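**Student:** Dropping in coords_25.txt, with compact mmCIF, N, CA and C atoms.
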# COMPACT_ATOMS: atom_id res chain seq x y z
N MET A 1 48.95 22.64 -89.27
CA MET A 1 48.12 21.94 -90.23
C MET A 1 47.62 20.65 -89.59
N GLN A 2 46.34 20.30 -89.81
CA GLN A 2 45.77 19.11 -89.20
C GLN A 2 46.25 17.86 -89.91
N ALA A 3 46.31 16.77 -89.16
CA ALA A 3 46.78 15.50 -89.71
C ALA A 3 45.90 15.04 -90.87
N ALA A 4 44.59 15.25 -90.77
CA ALA A 4 43.68 14.81 -91.83
C ALA A 4 43.98 15.54 -93.13
N ALA A 5 44.37 16.80 -93.03
CA ALA A 5 44.69 17.57 -94.23
C ALA A 5 45.94 17.02 -94.91
N LEU A 6 46.79 16.37 -94.17
CA LEU A 6 48.00 15.77 -94.74
C LEU A 6 47.74 14.37 -95.27
N GLY A 7 46.51 13.89 -95.11
CA GLY A 7 46.19 12.55 -95.56
C GLY A 7 46.64 11.48 -94.59
N VAL A 8 46.89 11.85 -93.34
CA VAL A 8 47.34 10.91 -92.31
C VAL A 8 46.18 10.67 -91.36
N ASN A 9 45.90 9.43 -91.07
CA ASN A 9 44.86 9.10 -90.11
C ASN A 9 45.45 9.29 -88.72
N ALA A 10 44.92 10.26 -87.97
CA ALA A 10 45.45 10.58 -86.66
C ALA A 10 45.01 9.59 -85.59
N ARG A 11 43.98 8.78 -85.88
CA ARG A 11 43.48 7.82 -84.90
C ARG A 11 43.96 6.42 -85.24
N LYS A 12 43.98 5.57 -84.23
CA LYS A 12 44.30 4.17 -84.47
C LYS A 12 43.15 3.53 -85.23
N PRO A 13 43.39 2.47 -85.97
CA PRO A 13 42.29 1.78 -86.63
C PRO A 13 41.26 1.35 -85.60
N ALA A 14 40.00 1.38 -85.99
CA ALA A 14 38.90 1.07 -85.07
C ALA A 14 39.05 -0.31 -84.45
N SER A 15 39.47 -1.30 -85.22
CA SER A 15 39.56 -2.65 -84.68
C SER A 15 40.61 -2.74 -83.58
N ARG A 16 41.73 -2.06 -83.76
CA ARG A 16 42.78 -2.08 -82.73
C ARG A 16 42.31 -1.33 -81.48
N LYS A 17 41.71 -0.16 -81.68
CA LYS A 17 41.21 0.63 -80.54
C LYS A 17 40.12 -0.16 -79.81
N GLY A 18 39.21 -0.75 -80.58
CA GLY A 18 38.14 -1.53 -79.98
C GLY A 18 38.67 -2.72 -79.20
N ARG A 19 39.66 -3.37 -79.75
CA ARG A 19 40.23 -4.54 -79.08
C ARG A 19 40.89 -4.13 -77.77
N ALA A 20 41.59 -3.00 -77.76
CA ALA A 20 42.24 -2.52 -76.54
C ALA A 20 41.20 -2.22 -75.47
N MET A 21 40.05 -1.74 -75.88
CA MET A 21 38.98 -1.44 -74.93
C MET A 21 38.40 -2.71 -74.32
N ARG A 22 38.51 -3.83 -75.02
CA ARG A 22 37.93 -5.08 -74.55
C ARG A 22 38.96 -6.00 -73.89
N GLU A 23 40.18 -5.53 -73.71
CA GLU A 23 41.22 -6.37 -73.13
C GLU A 23 40.87 -6.69 -71.68
N ILE A 24 41.07 -7.94 -71.28
CA ILE A 24 40.71 -8.39 -69.94
C ILE A 24 41.86 -9.18 -69.33
N GLN A 25 41.78 -9.37 -68.02
CA GLN A 25 42.73 -10.22 -67.31
C GLN A 25 42.07 -11.58 -67.10
N VAL A 26 42.79 -12.63 -67.41
CA VAL A 26 42.23 -13.98 -67.32
C VAL A 26 43.17 -14.87 -66.54
N GLU A 27 42.60 -15.65 -65.62
CA GLU A 27 43.36 -16.68 -64.92
C GLU A 27 42.95 -18.01 -65.53
N CYS A 28 43.94 -18.81 -65.88
CA CYS A 28 43.68 -20.05 -66.60
C CYS A 28 44.10 -21.28 -65.83
N TYR A 29 43.45 -22.37 -66.16
CA TYR A 29 43.91 -23.68 -65.76
C TYR A 29 44.99 -24.09 -66.76
N ALA A 30 46.11 -24.54 -66.25
CA ALA A 30 47.20 -24.97 -67.13
C ALA A 30 47.43 -26.46 -66.89
N GLY A 31 46.90 -27.27 -67.78
CA GLY A 31 47.08 -28.71 -67.69
C GLY A 31 48.28 -29.14 -68.50
N HIS A 32 48.04 -29.92 -69.53
CA HIS A 32 49.17 -30.37 -70.36
C HIS A 32 49.67 -29.27 -71.28
N ARG A 33 48.96 -28.14 -71.37
CA ARG A 33 49.46 -26.98 -72.11
C ARG A 33 49.11 -25.71 -71.35
N ALA A 34 49.88 -24.66 -71.58
CA ALA A 34 49.64 -23.39 -70.90
C ALA A 34 48.32 -22.80 -71.35
N ASP A 35 47.67 -22.08 -70.46
CA ASP A 35 46.41 -21.40 -70.76
C ASP A 35 45.41 -22.34 -71.43
N GLU A 36 45.26 -23.51 -70.84
CA GLU A 36 44.38 -24.52 -71.44
C GLU A 36 42.93 -24.06 -71.50
N ARG A 37 42.45 -23.45 -70.41
CA ARG A 37 41.08 -22.93 -70.40
C ARG A 37 40.95 -21.88 -69.31
N PRO A 38 40.09 -20.89 -69.52
CA PRO A 38 39.91 -19.85 -68.49
C PRO A 38 39.11 -20.38 -67.31
N VAL A 39 39.50 -19.96 -66.10
CA VAL A 39 38.74 -20.32 -64.89
C VAL A 39 38.10 -19.09 -64.25
N ARG A 40 38.67 -17.91 -64.49
CA ARG A 40 38.07 -16.65 -64.03
C ARG A 40 38.67 -15.52 -64.83
N PHE A 41 37.93 -14.40 -64.89
CA PHE A 41 38.43 -13.23 -65.60
C PHE A 41 37.91 -11.97 -64.94
N VAL A 42 38.64 -10.89 -65.15
CA VAL A 42 38.28 -9.59 -64.59
C VAL A 42 37.90 -8.68 -65.74
N LEU A 43 36.70 -8.14 -65.66
CA LEU A 43 36.18 -7.24 -66.68
C LEU A 43 35.63 -6.01 -65.98
N ARG A 44 36.19 -4.86 -66.31
CA ARG A 44 35.78 -3.58 -65.71
C ARG A 44 35.79 -3.63 -64.18
N GLY A 45 36.82 -4.25 -63.64
CA GLY A 45 37.01 -4.29 -62.19
C GLY A 45 36.22 -5.37 -61.47
N ARG A 46 35.43 -6.14 -62.18
CA ARG A 46 34.62 -7.19 -61.55
C ARG A 46 35.16 -8.56 -61.95
N THR A 47 35.28 -9.45 -60.98
CA THR A 47 35.77 -10.81 -61.24
C THR A 47 34.60 -11.73 -61.52
N PHE A 48 34.73 -12.51 -62.59
CA PHE A 48 33.73 -13.49 -62.99
C PHE A 48 34.34 -14.88 -62.90
N GLU A 49 33.66 -15.78 -62.22
CA GLU A 49 34.09 -17.17 -62.11
C GLU A 49 33.45 -17.96 -63.25
N VAL A 50 34.28 -18.67 -64.00
CA VAL A 50 33.77 -19.49 -65.09
C VAL A 50 33.20 -20.78 -64.51
N GLN A 51 31.92 -21.02 -64.76
CA GLN A 51 31.28 -22.25 -64.30
C GLN A 51 31.42 -23.38 -65.31
N GLU A 52 31.44 -22.98 -66.60
CA GLU A 52 31.51 -24.00 -67.65
C GLU A 52 32.11 -23.40 -68.92
N VAL A 53 32.98 -24.17 -69.57
CA VAL A 53 33.42 -23.82 -70.91
C VAL A 53 32.45 -24.56 -71.84
N GLU A 54 31.55 -23.79 -72.43
CA GLU A 54 30.49 -24.38 -73.24
C GLU A 54 30.98 -24.79 -74.63
N ASP A 55 31.94 -24.04 -75.16
CA ASP A 55 32.47 -24.35 -76.49
C ASP A 55 33.86 -23.75 -76.61
N ARG A 56 34.63 -24.29 -77.53
CA ARG A 56 35.99 -23.80 -77.81
C ARG A 56 36.23 -24.00 -79.29
N TRP A 57 36.82 -23.00 -79.93
CA TRP A 57 37.19 -23.15 -81.33
C TRP A 57 38.46 -22.38 -81.61
N TYR A 58 39.08 -22.74 -82.72
CA TYR A 58 40.41 -22.23 -83.04
C TYR A 58 40.37 -21.47 -84.37
N SER A 59 41.16 -20.41 -84.43
CA SER A 59 41.41 -19.71 -85.69
C SER A 59 42.92 -19.51 -85.74
N PRO A 60 43.46 -19.14 -86.89
CA PRO A 60 44.91 -18.93 -86.95
C PRO A 60 45.36 -17.89 -85.92
N GLY A 61 46.17 -18.31 -84.96
CA GLY A 61 46.73 -17.40 -83.97
C GLY A 61 45.87 -17.12 -82.76
N ALA A 62 44.66 -17.67 -82.69
CA ALA A 62 43.79 -17.38 -81.55
C ALA A 62 42.92 -18.58 -81.21
N THR A 63 42.55 -18.64 -79.93
CA THR A 63 41.60 -19.64 -79.46
C THR A 63 40.44 -18.89 -78.82
N PHE A 64 39.23 -19.32 -79.13
CA PHE A 64 38.02 -18.70 -78.60
C PHE A 64 37.35 -19.65 -77.62
N PHE A 65 36.78 -19.09 -76.56
CA PHE A 65 36.07 -19.87 -75.55
C PHE A 65 34.72 -19.23 -75.31
N ARG A 66 33.65 -20.01 -75.42
CA ARG A 66 32.34 -19.52 -74.98
C ARG A 66 32.13 -20.09 -73.59
N VAL A 67 32.03 -19.19 -72.61
CA VAL A 67 31.96 -19.61 -71.21
C VAL A 67 30.66 -19.13 -70.58
N ILE A 68 30.24 -19.87 -69.56
CA ILE A 68 29.10 -19.48 -68.74
C ILE A 68 29.65 -19.13 -67.38
N VAL A 69 29.29 -17.96 -66.86
CA VAL A 69 29.77 -17.52 -65.55
C VAL A 69 28.69 -17.76 -64.50
N GLU A 70 29.02 -17.45 -63.23
CA GLU A 70 28.18 -17.83 -62.10
C GLU A 70 26.76 -17.27 -62.17
N ASP A 71 26.54 -16.14 -62.84
CA ASP A 71 25.18 -15.59 -62.92
C ASP A 71 24.41 -16.10 -64.14
N GLY A 72 25.00 -17.04 -64.89
CA GLY A 72 24.33 -17.64 -66.03
C GLY A 72 24.60 -16.94 -67.35
N ASN A 73 25.22 -15.77 -67.32
CA ASN A 73 25.53 -15.04 -68.55
C ASN A 73 26.64 -15.74 -69.31
N ARG A 74 26.64 -15.53 -70.63
CA ARG A 74 27.65 -16.14 -71.50
C ARG A 74 28.57 -15.07 -72.07
N TYR A 75 29.86 -15.40 -72.14
CA TYR A 75 30.87 -14.52 -72.72
C TYR A 75 31.68 -15.32 -73.72
N VAL A 76 32.10 -14.66 -74.79
CA VAL A 76 33.07 -15.26 -75.70
C VAL A 76 34.39 -14.56 -75.44
N LEU A 77 35.40 -15.34 -75.04
CA LEU A 77 36.73 -14.83 -74.74
C LEU A 77 37.68 -15.28 -75.83
N ARG A 78 38.60 -14.39 -76.20
CA ARG A 78 39.57 -14.69 -77.26
C ARG A 78 40.97 -14.59 -76.69
N HIS A 79 41.76 -15.63 -76.90
CA HIS A 79 43.16 -15.63 -76.47
C HIS A 79 44.04 -15.52 -77.71
N ASP A 80 44.74 -14.39 -77.84
CA ASP A 80 45.70 -14.18 -78.92
C ASP A 80 47.00 -14.81 -78.45
N GLU A 81 47.35 -15.92 -79.03
CA GLU A 81 48.48 -16.71 -78.55
C GLU A 81 49.83 -16.03 -78.79
N ALA A 82 49.99 -15.33 -79.90
CA ALA A 82 51.27 -14.68 -80.21
C ALA A 82 51.57 -13.54 -79.25
N GLN A 83 50.55 -12.76 -78.91
CA GLN A 83 50.74 -11.62 -78.01
C GLN A 83 50.40 -11.96 -76.57
N ASP A 84 49.86 -13.15 -76.34
CA ASP A 84 49.42 -13.60 -75.02
C ASP A 84 48.50 -12.57 -74.37
N THR A 85 47.50 -12.13 -75.14
CA THR A 85 46.49 -11.20 -74.62
C THR A 85 45.12 -11.84 -74.74
N TRP A 86 44.24 -11.41 -73.85
CA TRP A 86 42.86 -11.89 -73.82
C TRP A 86 41.93 -10.71 -74.06
N THR A 87 40.87 -10.95 -74.81
CA THR A 87 39.82 -9.95 -75.01
C THR A 87 38.47 -10.64 -74.90
N TRP A 88 37.45 -9.85 -74.55
CA TRP A 88 36.09 -10.40 -74.61
C TRP A 88 35.50 -9.93 -75.92
N GLU A 89 34.94 -10.87 -76.64
CA GLU A 89 34.45 -10.62 -77.99
C GLU A 89 32.93 -10.51 -78.06
N ALA A 90 32.23 -11.15 -77.14
CA ALA A 90 30.77 -11.14 -77.17
C ALA A 90 30.22 -11.41 -75.78
N PHE A 91 28.97 -11.01 -75.60
CA PHE A 91 28.28 -11.17 -74.32
C PHE A 91 26.82 -11.49 -74.62
N ARG A 92 26.26 -12.40 -73.85
CA ARG A 92 24.83 -12.69 -73.94
C ARG A 92 24.29 -12.85 -72.54
N ALA A 93 23.37 -11.97 -72.18
CA ALA A 93 22.75 -12.04 -70.86
C ALA A 93 21.73 -13.18 -70.85
N VAL A 94 21.64 -13.84 -69.73
CA VAL A 94 20.66 -14.90 -69.58
C VAL A 94 19.28 -14.24 -69.47
N ARG A 95 18.32 -14.84 -70.14
CA ARG A 95 16.94 -14.35 -70.04
C ARG A 95 16.35 -14.85 -68.74
N LYS A 96 15.42 -14.10 -68.20
CA LYS A 96 14.79 -14.52 -66.95
C LYS A 96 14.17 -15.89 -67.08
N SER A 97 13.61 -16.21 -68.24
CA SER A 97 13.00 -17.52 -68.44
C SER A 97 14.04 -18.64 -68.50
N GLU A 98 15.31 -18.30 -68.75
CA GLU A 98 16.37 -19.30 -68.84
C GLU A 98 17.04 -19.58 -67.49
N LYS A 99 16.83 -18.68 -66.52
CA LYS A 99 17.48 -18.87 -65.24
C LYS A 99 16.96 -20.15 -64.57
N PRO A 100 17.86 -20.89 -63.96
CA PRO A 100 17.42 -22.11 -63.27
C PRO A 100 16.47 -21.76 -62.13
N ALA A 101 15.46 -22.57 -61.97
CA ALA A 101 14.49 -22.32 -60.91
C ALA A 101 15.13 -22.60 -59.56
N GLY A 102 15.05 -21.65 -58.67
CA GLY A 102 15.58 -21.80 -57.34
C GLY A 102 14.50 -22.28 -56.39
N PRO A 103 14.83 -22.46 -55.14
CA PRO A 103 13.83 -22.89 -54.17
C PRO A 103 12.75 -21.83 -54.01
N SER A 104 11.57 -22.27 -53.85
CA SER A 104 10.44 -21.36 -53.70
C SER A 104 10.47 -20.73 -52.31
N THR A 105 10.15 -19.43 -52.26
CA THR A 105 10.11 -18.73 -50.96
C THR A 105 8.69 -18.54 -50.49
N GLU A 106 7.75 -19.17 -51.19
CA GLU A 106 6.34 -19.02 -50.78
C GLU A 106 5.98 -19.99 -49.71
Show this structure as structure tokens.
**Tutor:**
Amino acid sequence: MQAAALGVNARKPASRKGRAMREIQVECYAGHRADERPVRFVLRGRTFEVQEVEDRWYSPGATFFRVIVEDGNRYVLRHDEAQDTWTWEAFRAVRKSEKPAGPSTE
């Protein structure tokens, strides 16, 4: 008999499954407190260097960081303090018009 027929949800809740899919490895600067701010993170096998922590905010049990990485893209990283896990919550690619002007090759 199938689990659904028994009224049992055979899958994990979407939020938990989704969060596991977004789990990342983060290296932090530890100043006067542990994991004070992220300095680099690994997402899908690629390492991103944090150039700037643009914003930080707190919710019960978690700290969020909006960071800018070396290619100008922005990520929102979430640190779950109780479980000591990191996830990426949002991504925004830099628009071509927003990229800093580099030296001209003409």
**Student:** Could you tell me how far CA of Val50 (chain A) lies from CA of Asp84 (chain A), in Å and to one decimal?
**Tutor:**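 Distance between the two atoms: 19.4 Å.
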**Student:** Skipping near chain neighbours, those fewer than 2 positions away, what residues fall within 6 Å of Gln51 (chain A) using all atoms listed in the file, listed as a ChimeraX atom specification?
**Tutor:** /A:49,53,68-70
**Student:** Would you work out the distance separating atom N of Arg74 (chain A) from CA of His32 (chain A), expressed in Å to one decimal?
**Tutor:**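 Here the two named atoms are 27.0 Å from each other.
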**Student:** Would you mind reading off the distance between atom N of His79 (chain A) and CA of Lys96 (chain A), one decimal, in Å?
**Tutor:**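 Going from atom N of His79 (chain A) over to CA of Lys96 (chain A), I get 28.8 Å.
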**Student:** Find the residues around Glu81 (chain A) up to 8 Å (all atoms listed in the file counted), leave out those fewer than 5 positions away in its own chain, and share them as a list in words.
**Tutor:** Pro60, Gly61, Ala62, Thr63 and Trp86 of chain A
**Student:** Give me the residues near Glu54 (chain A) as JSON, numbers by chain, where near means some atom within 6.5 Å (using only N, CA and C atoms) and where sequence neighbours in that chain fewer than 5 positions away do not count.
**Tutor:** {"A": [65, 66, 67, 68]}
**Student:** Which residue gives the smallest distance to Ile24 (chain A) among A:Arg92, A:Arg56, A:Arg37, A:Arg78, with only C-alpha atoms counted?
**Tutor:**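 Using only C-alpha atoms, the shortest distance to Ile24 (chain A) belongs to A:Arg78.
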**Student:** Could you tell me which of A:Tyr75, A:Phe41, A:Trp57, A:Tyr29 comes closest to Phe91 (chain A) if we count only N, CA and C atoms?
**Tutor:**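 Nearest to Phe91 (chain A): A:Tyr75.
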**Student:** Produce the centre coordinates and the three edge lengths, each in Å to one decimal, of the box along x, y and z that contains all listed atoms of region 36-53 of chain A with 5 Å added on each side, as JSON.
**Tutor:**
{"center_x": 38.3, "center_y": -14.1, "center_z": -66.4, "size_x": 24.0, "size_y": 31.0, "size_z": 20.9}
**Student:** Which residue, A:Asp80, A:Ser97, A:Thr85, A:Glu27, has the smallest gap to Ser59 (chain A) when you use only C-alpha atoms?
**Tutor:** A:Asp80
**Student:** With DSSP run on the backbone, what are the strand (DSSP E or B) residues within region 13-91 of chain A? I'd like them as JSON, numbers by chain.
**Tutor:** {"A": [23, 24, 25, 26, 27, 28, 29, 37, 38, 39, 40, 41, 42, 43, 46, 47, 48, 49, 50, 51, 52, 53, 54, 55, 56, 57, 58, 59, 62, 63, 64, 65, 66, 67, 68, 69, 74, 75, 76, 77, 78, 79, 80, 85, 86, 87, 88, 89, 90, 91]}
**Student:** Please dump the current selection as a compact mmCIF listing (two decimals), keeping the file's coordinate frame; keep N, CA and C atoms.
**Tutor:**
# COMPACT_ATOMS: atom_id res chain seq x y z
N GLU A 23 40.18 -5.53 -73.71
CA GLU A 23 41.22 -6.37 -73.13
C GLU A 23 40.87 -6.69 -71.68
N ILE A 24 41.07 -7.94 -71.28
CA ILE A 24 40.71 -8.39 -69.94
C ILE A 24 41.86 -9.18 -69.33
N GLN A 25 41.78 -9.37 -68.02
CA GLN A 25 42.73 -10.22 -67.31
C GLN A 25 42.07 -11.58 -67.10
N VAL A 26 42.79 -12.63 -67.41
CA VAL A 26 42.23 -13.98 -67.32
C VAL A 26 43.17 -14.87 -66.54
N GLU A 27 42.60 -15.65 -65.62
CA GLU A 27 43.36 -16.68 -64.92
C GLU A 27 42.95 -18.01 -65.53
N CYS A 28 43.94 -18.81 -65.88
CA CYS A 28 43.68 -20.05 -66.60
C CYS A 28 44.10 -21.28 -65.83
N TYR A 29 43.45 -22.37 -66.16
CA TYR A 29 43.91 -23.68 -65.76
C TYR A 29 44.99 -24.09 -66.76
N ARG A 37 42.45 -23.45 -70.41
CA ARG A 37 41.08 -22.93 -70.40
C ARG A 37 40.95 -21.88 -69.31
N PRO A 38 40.09 -20.89 -69.52
CA PRO A 38 39.91 -19.85 -68.49
C PRO A 38 39.11 -20.38 -67.31
N VAL A 39 39.50 -19.96 -66.10
CA VAL A 39 38.74 -20.32 -64.89
C VAL A 39 38.10 -19.09 -64.25
N ARG A 40 38.67 -17.91 -64.49
CA ARG A 40 38.07 -16.65 -64.03
C ARG A 40 38.67 -15.52 -64.83
N PHE A 41 37.93 -14.40 -64.89
CA PHE A 41 38.43 -13.23 -65.60
C PHE A 41 37.91 -11.97 -64.94
N VAL A 42 38.64 -10.89 -65.15
CA VAL A 42 38.28 -9.59 -64.59
C VAL A 42 37.90 -8.68 -65.74
N LEU A 43 36.70 -8.14 -65.66
CA LEU A 43 36.18 -7.24 -66.68
C LEU A 43 35.63 -6.01 -65.98
N ARG A 46 35.43 -6.14 -62.18
CA ARG A 46 34.62 -7.19 -61.55
C ARG A 46 35.16 -8.56 -61.95
N THR A 47 35.28 -9.45 -60.98
CA THR A 47 35.77 -10.81 -61.24
C THR A 47 34.60 -11.73 -61.52
N PHE A 48 34.73 -12.51 -62.59
CA PHE A 48 33.73 -13.49 -62.99
C PHE A 48 34.34 -14.88 -62.90
N GLU A 49 33.66 -15.78 -62.22
CA GLU A 49 34.09 -17.17 -62.11
C GLU A 49 33.45 -17.96 -63.25
N VAL A 50 34.28 -18.67 -64.00
CA VAL A 50 33.77 -19.49 -65.09
C VAL A 50 33.20 -20.78 -64.51
N GLN A 51 31.92 -21.02 -64.76
CA GLN A 51 31.28 -22.25 -64.30
C GLN A 51 31.42 -23.38 -65.31
N GLU A 52 31.44 -22.98 -66.60
CA GLU A 52 31.51 -24.00 -67.65
C GLU A 52 32.11 -23.40 -68.92
N VAL A 53 32.98 -24.17 -69.57
CA VAL A 53 33.42 -23.82 -70.91
C VAL A 53 32.45 -24.56 -71.84
N GLU A 54 31.55 -23.79 -72.43
CA GLU A 54 30.49 -24.38 -73.24
C GLU A 54 30.98 -24.79 -74.63
N ASP A 55 31.94 -24.04 -75.16
CA ASP A 55 32.47 -24.35 -76.49
C ASP A 55 33.86 -23.75 -76.61
N ARG A 56 34.63 -24.29 -77.53
CA ARG A 56 35.99 -23.80 -77.81
C ARG A 56 36.23 -24.00 -79.29
N TRP A 57 36.82 -23.00 -79.93
CA TRP A 57 37.19 -23.15 -81.33
C TRP A 57 38.46 -22.38 -81.61
N TYR A 58 39.08 -22.74 -82.72
CA TYR A 58 40.41 -22.23 -83.04
C TYR A 58 40.37 -21.47 -84.37
N SER A 59 41.16 -20.41 -84.43
CA SER A 59 41.41 -19.71 -85.69
C SER A 59 42.92 -19.51 -85.74
N ALA A 62 44.66 -17.67 -82.69
CA ALA A 62 43.79 -17.38 -81.55
C ALA A 62 42.92 -18.58 -81.21
N THR A 63 42.55 -18.64 -79.93
CA THR A 63 41.60 -19.64 -79.46
C THR A 63 40.44 -18.89 -78.82
N PHE A 64 39.23 -19.32 -79.13
CA PHE A 64 38.02 -18.70 -78.60
C PHE A 64 37.35 -19.65 -77.62
N PHE A 65 36.78 -19.09 -76.56
CA PHE A 65 36.07 -19.87 -75.55
C PHE A 65 34.72 -19.23 -75.31
N ARG A 66 33.65 -20.01 -75.42
CA ARG A 66 32.34 -19.52 -74.98
C ARG A 66 32.13 -20.09 -73.59
N VAL A 67 32.03 -19.19 -72.61
CA VAL A 67 31.96 -19.61 -71.21
C VAL A 67 30.66 -19.13 -70.58
N ILE A 68 30.24 -19.87 -69.56
CA ILE A 68 29.10 -19.48 -68.74
C ILE A 68 29.65 -19.13 -67.38
N VAL A 69 29.29 -17.96 -66.86
CA VAL A 69 29.77 -17.52 -65.55
C VAL A 69 28.69 -17.76 -64.50
N ARG A 74 26.64 -15.53 -70.63
CA ARG A 74 27.65 -16.14 -71.50
C ARG A 74 28.57 -15.07 -72.07
N TYR A 75 29.86 -15.40 -72.14
CA TYR A 75 30.87 -14.52 -72.72
C TYR A 75 31.68 -15.32 -73.72
N VAL A 76 32.10 -14.66 -74.79
CA VAL A 76 33.07 -15.26 -75.70
C VAL A 76 34.39 -14.56 -75.44
N LEU A 77 35.40 -15.34 -75.04
CA LEU A 77 36.73 -14.83 -74.74
C LEU A 77 37.68 -15.28 -75.83
N ARG A 78 38.60 -14.39 -76.20
CA ARG A 78 39.57 -14.69 -77.26
C ARG A 78 40.97 -14.59 -76.69
N HIS A 79 41.76 -15.63 -76.90
CA HIS A 79 43.16 -15.63 -76.47
C HIS A 79 44.04 -15.52 -77.71
N ASP A 80 44.74 -14.39 -77.84
CA ASP A 80 45.70 -14.18 -78.92
C ASP A 80 47.00 -14.81 -78.45
N THR A 85 47.50 -12.13 -75.14
CA THR A 85 46.49 -11.20 -74.62
C THR A 85 45.12 -11.84 -74.74
N TRP A 86 44.24 -11.41 -73.85
CA TRP A 86 42.86 -11.89 -73.82
C TRP A 86 41.93 -10.71 -74.06
N THR A 87 40.87 -10.95 -74.81
CA THR A 87 39.82 -9.95 -75.01
C THR A 87 38.47 -10.64 -74.90
N TRP A 88 37.45 -9.85 -74.55
CA TRP A 88 36.09 -10.40 -74.61
C TRP A 88 35.50 -9.93 -75.92
N GLU A 89 34.94 -10.87 -76.64
CA GLU A 89 34.45 -10.62 -77.99
C GLU A 89 32.93 -10.51 -78.06
N ALA A 90 32.23 -11.15 -77.14
CA ALA A 90 30.77 -11.14 -77.17
C ALA A 90 30.22 -11.41 -75.78
N PHE A 91 28.97 -11.01 -75.60
CA PHE A 91 28.28 -11.17 -74.32
C PHE A 91 26.82 -11.49 -74.62
**Student:** Have a look at A:Gly72, A:Cys28, A:Arg40, A:Arg22 and name the one nearest to Val94 (chain A); count only C-alpha atoms.
**Tutor:**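 Closest residue, counting only C-alpha atoms: A:Gly72.
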**Student:** Going by DSSP on the backbone, which residues of region 16-100 of chain A come out as alpha helix (DSSP H)? List them as a list in words.
**Tutor:**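 The alpha helix (DSSP H) subset of region 16-100 of chain A is Arg16, Lys17, Gly18, Arg19, Ala20 and Met21 of chain A.
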